[in-house]
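Shown next: upload.cif, given as mmCIF, C-alpha atoms.
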data_protein
loop_
_atom_site.label_atom_id
_atom_site.label_comp_id
_atom_site.auth_asym_id
_atom_site.auth_seq_id
_atom_site.Cartn_x
_atom_site.Cartn_y
_atom_site.Cartn_z
CA MET A 1296 149.10 -39.81 -45.60
CA LYS A 1297 151.87 -41.90 -44.07
CA TYR A 1298 153.36 -44.01 -46.84
CA LYS A 1299 154.82 -47.44 -46.08
CA ILE A 1300 158.20 -48.38 -47.52
CA ALA A 1301 160.08 -51.70 -47.50
CA PHE A 1302 163.71 -52.44 -48.30
CA LYS A 1303 165.55 -55.56 -49.43
CA THR A 1304 169.33 -55.62 -49.54
CA LEU A 1305 171.55 -58.17 -51.27
CA GLY A 1306 175.32 -58.40 -51.16
CA CYS A 1307 177.98 -56.52 -49.27
CA ARG A 1308 178.16 -54.43 -46.11
CA LEU A 1309 178.41 -51.30 -48.25
CA ASN A 1310 175.02 -52.07 -49.76
CA GLN A 1311 173.68 -52.66 -46.24
CA TYR A 1312 174.97 -49.28 -45.11
CA GLU A 1313 173.45 -47.48 -48.08
CA THR A 1314 170.08 -49.14 -47.47
CA GLU A 1315 170.16 -48.16 -43.79
CA ALA A 1316 170.98 -44.58 -44.68
CA LEU A 1317 168.12 -44.45 -47.18
CA ALA A 1318 165.67 -46.05 -44.75
CA SER A 1319 166.70 -43.54 -42.08
CA GLN A 1320 165.99 -40.64 -44.44
CA PHE A 1321 162.54 -41.97 -45.32
CA HIS A 1322 161.85 -42.58 -41.61
CA ARG A 1323 162.75 -39.00 -40.71
CA GLU A 1324 160.47 -37.72 -43.46
CA GLY A 1325 157.45 -39.54 -42.05
CA TYR A 1326 157.45 -42.79 -43.99
CA LYS A 1327 156.81 -46.01 -42.09
CA VAL A 1328 159.54 -48.61 -42.68
CA VAL A 1329 157.99 -52.10 -42.81
CA GLU A 1330 159.19 -55.64 -43.48
CA PHE A 1331 159.73 -56.52 -47.13
CA ASN A 1332 157.01 -59.19 -47.12
CA ASP A 1333 154.47 -56.71 -45.73
CA LYS A 1334 152.13 -54.61 -47.84
CA ALA A 1335 153.89 -51.37 -48.77
CA ASP A 1336 153.48 -48.34 -51.01
CA VAL A 1337 157.16 -48.45 -52.01
CA TYR A 1338 159.57 -51.36 -52.38
CA VAL A 1339 163.29 -50.69 -52.76
CA VAL A 1340 165.52 -53.55 -53.92
CA ASN A 1341 169.25 -52.89 -53.48
CA THR A 1342 170.79 -55.49 -55.80
CA CYS A 1343 174.12 -57.31 -56.04
CA THR A 1344 175.82 -58.60 -59.19
CA VAL A 1345 179.12 -60.02 -57.93
CA THR A 1346 178.21 -63.57 -59.06
CA ASN A 1347 175.62 -65.29 -61.25
CA GLN A 1348 173.95 -66.45 -58.04
CA SER A 1349 173.71 -62.81 -56.90
CA ASP A 1350 172.02 -61.89 -60.18
CA LYS A 1351 169.61 -64.81 -59.79
CA LYS A 1352 168.69 -63.78 -56.23
CA SER A 1353 168.24 -60.16 -57.28
CA ARG A 1354 165.91 -61.13 -60.13
CA LYS A 1355 163.87 -63.33 -57.78
CA ILE A 1356 163.46 -60.50 -55.24
CA ILE A 1357 162.46 -58.03 -57.97
CA GLN A 1358 159.88 -60.51 -59.24
CA SER A 1359 158.47 -61.12 -55.74
CA ALA A 1360 158.18 -57.36 -55.10
CA SER A 1361 156.26 -56.80 -58.34
CA THR A 1362 153.89 -59.75 -57.89
CA GLY A 1363 150.54 -58.66 -56.50
CA ASN A 1364 151.75 -55.10 -55.82
CA ASN A 1365 150.56 -53.39 -58.99
CA ASN A 1366 149.79 -50.11 -57.25
CA SER A 1367 153.14 -49.93 -55.45
CA VAL A 1368 156.28 -48.09 -56.52
CA LEU A 1369 159.16 -50.48 -57.24
CA VAL A 1370 162.64 -48.95 -57.11
CA VAL A 1371 165.57 -51.13 -58.18
CA THR A 1372 169.08 -49.93 -57.43
CA GLY A 1373 172.54 -51.35 -56.67
CA CYS A 1374 175.26 -52.97 -58.75
CA MET A 1375 172.97 -55.05 -60.95
CA THR A 1376 171.47 -51.84 -62.37
CA ASN A 1377 174.92 -50.86 -63.64
CA ASN A 1378 175.73 -54.34 -64.95
CA HIS A 1379 172.35 -55.27 -66.49
CA GLU A 1380 170.82 -51.89 -67.24
CA SER A 1381 169.27 -52.91 -70.59
CA GLU A 1382 167.65 -56.03 -69.16
CA LEU A 1383 166.15 -54.17 -66.20
CA ASN A 1384 164.97 -51.27 -68.35
CA ASN A 1385 162.85 -53.79 -70.25
CA ASN A 1386 161.09 -54.87 -67.05
CA ASN A 1387 157.82 -52.95 -67.07
CA GLN A 1388 157.18 -53.79 -63.40
CA ILE A 1389 160.07 -51.55 -62.30
CA THR A 1390 158.95 -47.97 -61.67
CA TYR A 1391 162.42 -46.46 -61.24
CA LEU A 1392 165.82 -47.90 -62.11
CA VAL A 1393 168.44 -46.00 -60.08
CA LYS A 1394 172.12 -46.67 -60.72
CA ASN A 1395 174.72 -46.67 -57.94
CA GLU A 1396 175.91 -43.13 -58.58
CA HIS A 1397 172.38 -41.79 -57.98
CA LYS A 1398 171.35 -44.16 -55.18
CA ASN A 1399 171.47 -41.45 -52.51
CA SER A 1400 168.74 -39.54 -54.39
CA ILE A 1401 166.09 -42.25 -54.08
CA TYR A 1402 164.15 -40.27 -51.48
CA SER A 1403 163.94 -37.27 -53.84
CA ILE A 1404 162.79 -39.53 -56.69
CA VAL A 1405 160.08 -41.27 -54.63
CA ASN A 1406 158.91 -38.06 -53.00
CA ALA A 1407 158.57 -36.39 -56.40
CA HIS A 1408 156.55 -39.38 -57.59
CA PHE A 1409 153.99 -38.97 -54.80
CA GLN A 1410 153.85 -35.22 -55.45
CA GLY A 1411 152.89 -35.95 -59.05
CA GLU A 1412 156.13 -34.50 -60.39
CA ILE A 1413 158.19 -35.83 -63.27
CA PHE A 1414 161.71 -36.32 -61.93
CA SER A 1415 164.61 -36.67 -64.34
CA GLN A 1416 167.66 -38.49 -62.99
CA GLU A 1417 169.76 -36.73 -65.59
CA VAL A 1418 169.73 -33.54 -63.49
CA LEU A 1419 171.12 -35.33 -60.41
CA ASN A 1420 174.68 -34.73 -59.33
CA GLN A 1421 176.82 -37.80 -58.71
CA ASN A 1422 177.77 -37.89 -55.03
CA LEU A 1423 178.80 -41.25 -53.58
CA PHE A 1424 178.91 -40.01 -49.98
CA ASN A 1425 175.89 -37.74 -49.66
CA TYR A 1426 173.89 -40.06 -47.42
CA GLN A 1427 171.92 -38.94 -44.39
CA PRO A 1428 173.01 -40.21 -40.93
CA THR A 1429 171.53 -43.59 -40.04
CA GLU A 1430 168.90 -44.24 -37.41
CA GLN A 1431 168.70 -47.36 -35.24
CA ILE A 1432 166.16 -49.06 -37.52
CA PHE A 1433 167.98 -52.27 -38.45
CA HIS A 1434 171.00 -52.40 -36.11
CA THR A 1435 172.30 -50.88 -32.90
CA ARG A 1436 175.70 -50.42 -34.54
CA SER A 1437 176.34 -47.72 -37.10
CA MET A 1438 178.05 -48.27 -40.45
CA ILE A 1439 180.01 -45.34 -41.86
CA LYS A 1440 180.95 -45.22 -45.54
CA ILE A 1441 184.50 -43.95 -45.97
CA GLN A 1442 185.33 -45.09 -49.50
CA ASP A 1443 183.80 -46.38 -52.74
CA GLY A 1444 185.08 -48.02 -55.91
CA CYS A 1445 188.24 -50.02 -56.54
CA ASP A 1446 191.36 -49.71 -58.69
CA ASN A 1447 192.72 -53.25 -58.17
CA MET A 1448 191.11 -54.79 -61.29
CA CYS A 1449 191.22 -58.41 -60.11
CA SER A 1450 190.74 -60.65 -63.13
CA PHE A 1451 187.46 -62.15 -61.85
CA CYS A 1452 185.81 -59.03 -60.44
CA ILE A 1453 183.21 -56.77 -62.02
CA ILE A 1454 182.99 -54.33 -59.10
CA PRO A 1455 185.33 -51.67 -60.63
CA MET A 1456 182.95 -51.57 -63.62
CA VAL A 1457 179.76 -51.17 -61.55
CA ARG A 1458 181.15 -49.11 -58.65
CA GLY A 1459 183.79 -47.16 -60.55
CA ARG A 1460 187.31 -46.09 -59.65
CA ALA A 1461 188.40 -45.74 -56.03
CA VAL A 1462 187.18 -42.56 -54.32
CA SER A 1463 187.75 -41.63 -50.67
CA ARG A 1464 185.46 -39.55 -48.52
CA PRO A 1465 186.87 -36.31 -47.04
CA VAL A 1466 188.40 -36.83 -43.61
CA ASN A 1467 186.35 -34.13 -41.87
CA ASP A 1468 183.11 -35.55 -43.31
CA VAL A 1469 183.95 -38.98 -41.89
CA LEU A 1470 184.81 -37.58 -38.45
CA GLU A 1471 181.72 -35.38 -38.35
CA ASN A 1472 179.45 -38.28 -39.37
CA ILE A 1473 180.90 -40.53 -36.67
CA SER A 1474 180.68 -37.80 -34.01
CA ARG A 1475 176.98 -37.25 -34.80
CA ASN A 1476 176.23 -40.94 -34.52
CA ILE A 1477 178.10 -41.27 -31.22
CA LYS A 1478 175.99 -38.41 -29.84
CA LYS A 1479 172.89 -40.29 -31.01
CA GLY A 1480 173.87 -43.16 -28.74
CA TYR A 1481 175.60 -45.59 -31.07
CA LYS A 1482 178.18 -47.64 -29.18
CA GLU A 1483 179.74 -49.31 -32.20
CA ILE A 1484 180.98 -47.86 -35.48
CA THR A 1485 181.77 -50.04 -38.53
CA LEU A 1486 183.86 -48.50 -41.30
CA THR A 1487 182.76 -49.72 -44.71
CA GLY A 1488 183.54 -49.29 -48.40
CA VAL A 1489 184.63 -51.35 -51.39
CA ASN A 1490 188.37 -51.32 -50.59
CA ILE A 1491 188.75 -49.44 -47.31
CA SER A 1492 192.41 -50.30 -46.66
CA ARG A 1493 193.24 -48.21 -49.77
CA TYR A 1494 191.59 -45.12 -48.30
CA MET A 1495 193.59 -42.00 -49.22
CA TYR A 1496 192.34 -38.45 -48.98
CA GLY A 1497 195.01 -35.84 -49.55
CA ASN A 1498 197.97 -37.12 -47.55
CA ILE A 1499 195.83 -39.03 -45.02
CA ASP A 1500 195.90 -42.79 -45.50
CA PHE A 1501 193.72 -45.46 -43.90
CA THR A 1502 195.83 -45.91 -40.79
CA GLU A 1503 195.96 -42.16 -40.14
CA LEU A 1504 192.20 -41.90 -40.61
CA VAL A 1505 191.61 -44.65 -38.04
CA GLU A 1506 193.99 -42.90 -35.62
CA LYS A 1507 191.90 -39.72 -35.90
CA ILE A 1508 188.67 -41.68 -35.35
CA LEU A 1509 190.02 -43.35 -32.22
CA LYS A 1510 190.84 -39.92 -30.78
CA LEU A 1511 187.24 -38.73 -31.04
CA PRO A 1512 185.57 -38.19 -27.65
CA GLY A 1513 182.87 -40.59 -26.54
CA ASP A 1514 182.24 -44.13 -25.39
CA PHE A 1515 182.37 -46.23 -28.55
CA ARG A 1516 184.27 -48.98 -30.31
CA VAL A 1517 185.28 -49.44 -33.95
CA ARG A 1518 185.10 -52.33 -36.37
CA PHE A 1519 185.97 -52.77 -40.05
CA SER A 1520 183.98 -54.41 -42.81
CA SER A 1521 185.69 -56.69 -45.34
CA MET A 1522 189.26 -55.63 -46.15
CA GLU A 1523 192.06 -56.41 -48.57
CA PRO A 1524 195.28 -57.59 -46.89
CA ASP A 1525 197.60 -55.42 -48.96
CA GLY A 1526 198.59 -52.01 -47.68
CA LEU A 1527 198.35 -52.92 -43.98
CA ASP A 1528 201.60 -52.29 -42.11
CA ASP A 1529 203.04 -52.23 -38.58
CA ARG A 1530 201.47 -48.83 -37.91
CA PHE A 1531 198.05 -50.34 -38.52
CA ILE A 1532 198.77 -53.40 -36.35
CA ASP A 1533 199.82 -51.17 -33.45
CA LEU A 1534 196.42 -49.45 -33.50
CA PHE A 1535 194.83 -52.54 -31.95
CA GLN A 1536 196.47 -51.64 -28.63
CA ASN A 1537 193.69 -49.06 -28.35
CA PRO A 1538 190.73 -50.63 -26.47
CA LYS A 1539 188.30 -48.84 -28.79
CA LEU A 1540 189.42 -51.01 -31.73
CA CYS A 1541 187.82 -54.46 -31.89
CA HIS A 1542 190.08 -57.48 -32.36
CA HIS A 1543 188.59 -58.80 -35.57
CA LEU A 1544 189.45 -58.51 -39.26
CA HIS A 1545 187.72 -59.99 -42.28
CA LEU A 1546 190.76 -60.26 -44.57
CA CYS A 1547 189.93 -61.48 -48.08
CA LEU A 1548 192.22 -64.38 -49.01
CA GLN A 1549 190.33 -65.85 -52.00
CA ASN A 1550 192.85 -68.66 -52.57
CA GLY A 1551 195.81 -70.39 -50.88
CA SER A 1552 197.79 -71.02 -54.07
CA ASP A 1553 200.26 -68.39 -55.27
CA LYS A 1554 199.75 -69.58 -58.82
CA VAL A 1555 196.01 -68.91 -58.61
CA LEU A 1556 196.47 -65.60 -56.77
CA LEU A 1557 198.70 -64.44 -59.62
CA ARG A 1558 196.07 -65.41 -62.21
CA MET A 1559 193.47 -63.59 -60.10
CA ARG A 1560 195.73 -60.51 -60.13
CA ARG A 1561 195.62 -60.29 -56.35
CA MET A 1562 198.07 -57.84 -54.77
CA TYR A 1563 199.75 -60.23 -52.30
CA THR A 1564 201.28 -63.69 -51.92
CA THR A 1565 200.50 -66.44 -49.45
CA ASP A 1566 203.77 -65.63 -47.64
CA SER A 1567 202.89 -61.94 -47.21
CA TYR A 1568 199.39 -62.92 -46.04
CA TYR A 1569 200.83 -65.36 -43.48
CA GLU A 1570 203.28 -62.72 -42.31
CA LEU A 1571 200.50 -60.22 -41.63
CA ILE A 1572 198.41 -62.80 -39.75
CA ASN A 1573 201.36 -63.94 -37.65
CA LYS A 1574 202.37 -60.37 -36.75
CA ILE A 1575 198.88 -59.65 -35.46
CA LYS A 1576 198.54 -62.98 -33.60
CA SER A 1577 201.93 -62.54 -31.92
CA LYS A 1578 200.65 -59.33 -30.31
CA TYR A 1579 197.00 -60.28 -29.83
CA PRO A 1580 196.68 -64.09 -29.45
CA ASP A 1581 192.85 -64.20 -29.31
CA PHE A 1582 192.46 -62.07 -32.45
CA ASN A 1583 189.61 -63.23 -34.70
CA PHE A 1584 190.22 -63.65 -38.44
CA THR A 1585 187.50 -64.38 -40.98
CA THR A 1586 187.86 -64.48 -44.76
CA ASP A 1587 186.48 -65.09 -48.26
CA ILE A 1588 187.44 -68.16 -50.28
CA MET A 1589 186.60 -68.57 -53.96
CA VAL A 1590 186.57 -72.12 -55.30
CA GLY A 1591 186.75 -73.19 -58.93
CA PHE A 1592 188.72 -70.29 -60.40
CA PRO A 1593 189.76 -71.15 -63.99
CA GLY A 1594 192.75 -73.48 -63.96
CA GLU A 1595 192.51 -74.26 -60.22
CA THR A 1596 193.98 -77.77 -59.91
CA ASP A 1597 193.48 -80.27 -57.11
CA GLU A 1598 196.94 -79.31 -55.85
CA ASP A 1599 195.95 -75.61 -55.79
CA PHE A 1600 192.77 -76.42 -53.89
CA ASN A 1601 194.65 -78.60 -51.40
CA GLN A 1602 197.01 -75.69 -50.74
CA THR A 1603 193.98 -73.53 -49.96
CA CYS A 1604 192.63 -76.18 -47.55
CA ASP A 1605 195.99 -76.40 -45.80
CA MET A 1606 196.20 -72.64 -45.46
CA VAL A 1607 192.72 -72.10 -44.02
CA LYS A 1608 193.30 -74.93 -41.52
CA LYS A 1609 196.65 -73.49 -40.49
CA ILE A 1610 195.33 -69.97 -39.97
CA GLY A 1611 192.13 -71.20 -38.29
CA PHE A 1612 189.65 -68.65 -39.66
CA SER A 1613 186.58 -68.68 -37.41
CA HIS A 1614 184.35 -68.14 -40.42
CA ILE A 1615 184.89 -68.56 -44.15
CA HIS A 1616 182.53 -67.01 -46.67
CA THR A 1617 182.78 -69.63 -49.40
CA PHE A 1618 181.57 -68.95 -52.93
CA LYS A 1619 182.01 -70.48 -56.35
CA TYR A 1620 183.79 -68.65 -59.18
CA SER A 1621 181.19 -67.15 -61.49
CA VAL A 1622 181.91 -65.98 -65.04
CA ARG A 1623 181.45 -62.22 -65.30
CA ASN A 1624 181.41 -60.82 -68.82
CA ASN A 1625 184.05 -58.18 -69.61
CA THR A 1626 186.49 -59.56 -67.04
CA ARG A 1627 189.83 -61.18 -67.89
CA ALA A 1628 188.95 -64.45 -66.14
CA ALA A 1629 185.91 -64.93 -68.40
CA ARG A 1630 188.30 -65.40 -71.33
CA MET A 1631 190.57 -67.88 -69.51
CA ALA A 1632 190.84 -71.52 -70.51
CA ASP A 1633 190.31 -74.45 -68.15
CA GLN A 1634 186.97 -73.37 -66.70
CA ILE A 1635 186.00 -75.63 -63.79
CA SER A 1636 182.80 -77.68 -63.80
CA GLU A 1637 179.97 -76.84 -61.41
CA LYS A 1638 180.20 -80.34 -59.94
CA VAL A 1639 183.81 -79.77 -58.89
CA LYS A 1640 182.97 -76.31 -57.54
CA ASP A 1641 180.18 -77.80 -55.43
CA GLU A 1642 182.48 -80.50 -54.04
CA ARG A 1643 185.17 -77.97 -53.15
CA SER A 1644 182.64 -75.63 -51.55
CA LYS A 1645 181.46 -78.41 -49.24
CA ILE A 1646 185.03 -79.20 -48.18
CA ILE A 1647 185.82 -75.56 -47.34
CA ARG A 1648 182.56 -75.17 -45.41
CA LYS A 1649 183.37 -78.29 -43.39
CA ILE A 1650 186.78 -76.85 -42.52
CA SER A 1651 185.13 -73.55 -41.62
CA ASP A 1652 182.72 -75.28 -39.22
CA SER A 1653 185.59 -77.12 -37.54
CA ASN A 1654 187.64 -73.91 -37.23
CA LYS A 1655 184.64 -72.08 -35.74
CA GLN A 1656 184.12 -74.74 -33.07
CA ASN A 1657 187.80 -74.72 -32.09
CA TYR A 1658 187.97 -70.93 -31.91
CA TYR A 1659 184.75 -70.64 -29.93
CA LYS A 1660 185.90 -73.31 -27.43
CA SER A 1661 189.00 -71.22 -26.70
CA PHE A 1662 186.76 -68.53 -25.14
CA ILE A 1663 184.99 -70.72 -22.59
CA GLY A 1664 185.85 -69.37 -19.14
CA LYS A 1665 186.95 -66.00 -20.55
CA SER A 1666 185.05 -62.72 -20.67
CA GLN A 1667 183.84 -60.61 -23.56
CA ILE A 1668 182.46 -57.08 -23.62
CA VAL A 1669 179.16 -57.57 -25.42
CA ILE A 1670 176.74 -54.99 -26.81
CA PRO A 1671 173.34 -56.73 -26.59
CA GLU A 1672 171.12 -56.07 -29.62
CA LYS A 1673 167.91 -58.10 -29.56
CA THR A 1674 165.92 -60.10 -27.01
CA ASN A 1675 163.97 -63.06 -28.37
CA LYS A 1676 160.72 -64.57 -27.11
CA ASN A 1677 162.62 -67.18 -25.08
CA GLY A 1678 164.20 -64.49 -22.93
CA PHE A 1679 167.68 -64.59 -24.45
CA THR A 1680 169.50 -61.51 -25.69
CA LYS A 1681 172.04 -61.71 -28.50
CA GLY A 1682 174.93 -59.42 -29.25
CA TYR A 1683 178.55 -59.41 -30.32
CA GLY A 1684 181.72 -59.36 -28.24
CA GLU A 1685 184.77 -57.31 -29.11
CA ASN A 1686 186.16 -60.24 -31.17
CA TYR A 1687 182.99 -60.21 -33.30
CA ILE A 1688 181.69 -63.47 -31.89
CA PRO A 1689 177.91 -63.81 -31.42
CA VAL A 1690 176.97 -64.32 -27.77
CA LYS A 1691 173.60 -65.39 -26.34
CA ILE A 1692 172.83 -64.21 -22.81
CA LYS A 1693 169.98 -65.02 -20.45
CA SER A 1694 168.40 -61.58 -20.36
CA GLY A 1695 167.68 -60.70 -16.72
CA SER A 1696 169.16 -57.25 -16.19
CA CYS A 1697 170.83 -57.25 -19.61
CA LEU A 1698 170.42 -53.84 -21.30
CA THR A 1699 170.42 -53.47 -25.09
CA ASN A 1700 172.95 -51.10 -26.66
CA GLU A 1701 174.95 -50.97 -23.40
CA TYR A 1702 178.32 -52.56 -22.74
CA GLN A 1703 177.97 -55.75 -20.72
CA SER A 1704 180.84 -57.77 -19.27
CA VAL A 1705 179.88 -61.36 -20.05
CA LYS A 1706 181.54 -64.59 -18.93
CA ILE A 1707 181.50 -67.27 -21.63
CA ILE A 1708 180.15 -70.53 -20.19
CA GLY A 1709 179.59 -72.69 -23.28
CA ILE A 1710 178.56 -73.02 -26.91
CA ASP A 1711 175.11 -73.34 -28.41
CA SER A 1712 176.00 -75.62 -31.34
CA ASN A 1713 172.55 -75.33 -32.94
CA GLU A 1714 172.70 -71.55 -33.23
CA ARG A 1715 176.49 -71.42 -33.59
CA VAL A 1716 176.82 -68.84 -30.84
CA LEU A 1717 178.58 -68.61 -27.48
CA LEU A 1718 176.57 -68.86 -24.27
CA GLY A 1719 177.29 -66.22 -21.67
CA GLU A 1720 176.20 -64.86 -18.33
CA ILE A 1721 176.48 -61.32 -17.01
CA CYS A 1722 179.53 -60.89 -14.77
CA ASN A 1723 178.65 -59.73 -11.26
#
Would you write out, as structure tokens, the structure that this file holds?
Amino acid sequence: MKYKIAFKTLGCRLNQYETEALASQFHREGYKVVEFNDKADVYVVNTCTVTNQSDKKSRKIIQSASTGNNNSVLVVTGCMTNNHESELNNNNQITYLVKNEHKNSIYSIVNAHFQGEIFSQEVLNQNLFNYQPTEQIFHTRSMIKIQDGCDNMCSFCIIPMVRGRAVSRPVNDVLENISRNIKKGYKEITLTGVNISRYMYGNIDFTELVEKILKLPGDFRVRFSSMEPDGLDDRFIDLFQNPKLCHHLHLCLQNGSDKVLLRMRRMYTTDSYYELINKIKSKYPDFNFTTDIMVGFPGETDEDFNQTCDMVKKIGFSHIHTFKYSVRNNTRAARMADQISEKVKDERSKIIRKISDSNKQNYYKSFIGKSQIVIPEKTNKNGFTKGYGENYIPVKIKSGSCLTNEYQSVKIIGIDSNERVLLGEICN
């Protein structure tokens, strides 16, 4: 019998990678991967717990998966299982609760279930990197996990408690994984982890790892998932001279006030952040920067927030992931005075999103008349193909002879404001 399995992922790129790796393993073993709202024999929910809103979304997805699917296996995994283990253990609709450190064993657990075996998670070894290579099920680009956990201990963040201390994947494992995926036909590799700029295995740091990756044979390009701005130096900046490295960084800022950054226990100042941005822009003027901004951190005054607004306008981030501070138990910020009201958080979120939209329009306009190397991913029913250029800007192309998962030189001719994408045509 061919079992059907559906996945739902919440949260970060690392969660997305782990889901894709799991789905690929089930696919290779004969399972049929279906949409989450389809009828399935197994539902896997990969949760997030970074904010209260993340918890709320995760609970809603778990509830929807259990409703009307009494004969299905429901597996819940991800960071919420580490943060709210007792609560989830009391949910009788959940068949298996699998914590982060055992997530890569979900196939073994589900397979044992259908074989009628009793599988104890206590006998599993903890291995954060033992994931099977991904297949092109969800994306034409391949994510590669190089690191997990974090040692920074920001005052608002629960991730070190649910993901653990920072651990880096062996260099040879990373290179071998990437080489296999290039041979499979992937044209784009995204390095992911919790805090990838702090990668360190033996005496090989993040910059040296990227240098080794760029020397691998094959026709591919490299991107990074979300990164911290600390620990990036001139050696790293110089790497972007290599055409295999895409000109985009998602550098987490969180706040534009040094006073707030200090209370957050961030590892940089606004001046050091500006300096890094300006060094990169001086060498690569079209470089694309995106970021995270948290509004409503305890004690954030109107003056602090205005400093953040000024900073994000000045830098011109093409996209800002805006989110409200959320109290996380067992973090230092949860015990801080001067908690901000939800009304103020909502108002500040709207202001940042408005700035983000304006920045996006200005950045996108700067590409009209220029060319981007796009890897087309999907063709819709209207005959348009979408993909991303090397600056990680979405581009919509009238299909014609456009080939998916192949480099296409595309001239940017305009902006589709409704879809927030660039319009392009294949260069002759």
From the options A:Ser1450, A:Asn1713, A:Ser1661, A:Gln1410, which residue's atoms come nearest to Leu1557 (chain A), counting all atoms listed in the file?
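Distance minimum relative to Leu1557 (chain A) lands on A:Ser1450.
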Would you work out the distance separating CA of Thr1372 (chain A) from CA of Thr1485 (chain A), expressed in Å to one decimal?
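CA of Thr1485 (chain A) lies 22.8 Å from CA of Thr1372 (chain A).
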Determine the axis-aligned bounding box of all atoms of region 1442-1454 of chain A present in the file, pad each side by 8 Å, and express its centre and edge lengths in Å to one decimal place as lines of an AutoDock Vina configuration file.
center_x = 187.9
center_y = -53.6
center_z = -56.3
size_x = 25.7
size_y = 33.1
size_z = 29.6
Using the chain letters and numbers from this file, what does the PyMOL selection byres ((chain A and resi 1682) around 9) select? Give the answer as a ChimeraX atom specification.
/A:1669-1673,1680-1681,1683-1684,1688-1692,1699-1700
Which residues, written as a ChimeraX atom specification, have at least one atom at most 12 Å from Arg1354 (chain A), with only C-alpha atoms counted and residues fewer than 2 positions away on the same chain left out?
/A:1305,1340-1344,1347-1352,1356-1361,1371-1372,1375-1376,1379,1382-1383,1386,1388-1389
Please save C-alpha atoms of the selected residues as a compact mmCIF listing (two decimals), in the coordinates of the input.
# COMPACT_ATOMS: atom_id res chain seq x y z
CA LEU A 1305 171.55 -58.17 -51.27
CA VAL A 1340 165.52 -53.55 -53.92
CA ASN A 1341 169.25 -52.89 -53.48
CA THR A 1342 170.79 -55.49 -55.80
CA CYS A 1343 174.12 -57.31 -56.04
CA THR A 1344 175.82 -58.60 -59.19
CA ASN A 1347 175.62 -65.29 -61.25
CA GLN A 1348 173.95 -66.45 -58.04
CA SER A 1349 173.71 -62.81 -56.90
CA ASP A 1350 172.02 -61.89 -60.18
CA LYS A 1351 169.61 -64.81 -59.79
CA LYS A 1352 168.69 -63.78 -56.23
CA ILE A 1356 163.46 -60.50 -55.24
CA ILE A 1357 162.46 -58.03 -57.97
CA GLN A 1358 159.88 -60.51 -59.24
CA SER A 1359 158.47 -61.12 -55.74
CA ALA A 1360 158.18 -57.36 -55.10
CA SER A 1361 156.26 -56.80 -58.34
CA VAL A 1371 165.57 -51.13 -58.18
CA THR A 1372 169.08 -49.93 -57.43
CA MET A 1375 172.97 -55.05 -60.95
CA THR A 1376 171.47 -51.84 -62.37
CA HIS A 1379 172.35 -55.27 -66.49
CA GLU A 1382 167.65 -56.03 -69.16
CA LEU A 1383 166.15 -54.17 -66.20
CA ASN A 1386 161.09 -54.87 -67.05
CA GLN A 1388 157.18 -53.79 -63.40
CA ILE A 1389 160.07 -51.55 -62.30
Atom-to-atom span, CA of Ala1461 (chain A) and CA of Lys1619 (chain A), Å
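Distance reported for this atom pair: 25.6 Å.
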Could you tell me, as a compact mmCIF listing (two decimals) with C-alpha atoms, keeping the file's coordinate frame, exactly which residues end up selected when the PyMOL selection byres ((chain A and resi 1647) around 12) is applied to this structure?
# COMPACT_ATOMS: atom_id res chain seq x y z
CA GLN A 1549 190.33 -65.85 -52.00
CA ASN A 1550 192.85 -68.66 -52.57
CA GLY A 1551 195.81 -70.39 -50.88
CA THR A 1586 187.86 -64.48 -44.76
CA ASP A 1587 186.48 -65.09 -48.26
CA ILE A 1588 187.44 -68.16 -50.28
CA MET A 1589 186.60 -68.57 -53.96
CA VAL A 1590 186.57 -72.12 -55.30
CA GLY A 1591 186.75 -73.19 -58.93
CA PHE A 1600 192.77 -76.42 -53.89
CA ASN A 1601 194.65 -78.60 -51.40
CA GLN A 1602 197.01 -75.69 -50.74
CA THR A 1603 193.98 -73.53 -49.96
CA CYS A 1604 192.63 -76.18 -47.55
CA ASP A 1605 195.99 -76.40 -45.80
CA MET A 1606 196.20 -72.64 -45.46
CA VAL A 1607 192.72 -72.10 -44.02
CA LYS A 1608 193.30 -74.93 -41.52
CA GLY A 1611 192.13 -71.20 -38.29
CA PHE A 1612 189.65 -68.65 -39.66
CA HIS A 1614 184.35 -68.14 -40.42
CA ILE A 1615 184.89 -68.56 -44.15
CA HIS A 1616 182.53 -67.01 -46.67
CA THR A 1617 182.78 -69.63 -49.40
CA PHE A 1618 181.57 -68.95 -52.93
CA LYS A 1619 182.01 -70.48 -56.35
CA LYS A 1640 182.97 -76.31 -57.54
CA ASP A 1641 180.18 -77.80 -55.43
CA GLU A 1642 182.48 -80.50 -54.04
CA ARG A 1643 185.17 -77.97 -53.15
CA SER A 1644 182.64 -75.63 -51.55
CA LYS A 1645 181.46 -78.41 -49.24
CA ILE A 1646 185.03 -79.20 -48.18
CA ARG A 1648 182.56 -75.17 -45.41
CA LYS A 1649 183.37 -78.29 -43.39
CA ILE A 1650 186.78 -76.85 -42.52
CA SER A 1651 185.13 -73.55 -41.62
CA ASP A 1652 182.72 -75.28 -39.22
CA SER A 1653 185.59 -77.12 -37.54
CA ASN A 1654 187.64 -73.91 -37.23
Residues matched by the PyMOL selection byres ((chain A and resi 1574) around 12), written as a ChimeraX atom specification
/A:1527-1533,1535,1567-1573,1575-1580,1582
Report the distance between CA of Cys1452 (chain A) and CA of Val1639 (chain A) in Å, rounded to one decimal place.
20.9 Å
Can you list, as number ranges by chain, every protein, DNA or RNA residue that comes within 10 Å of Gly1373 (chain A) when you count all atoms listed in the file, leaving out same-chain residues fewer than 6 positions away?
A: 1304-1306, 1310, 1313-1314, 1340-1344, 1353, 1392-1398, 1457-1458
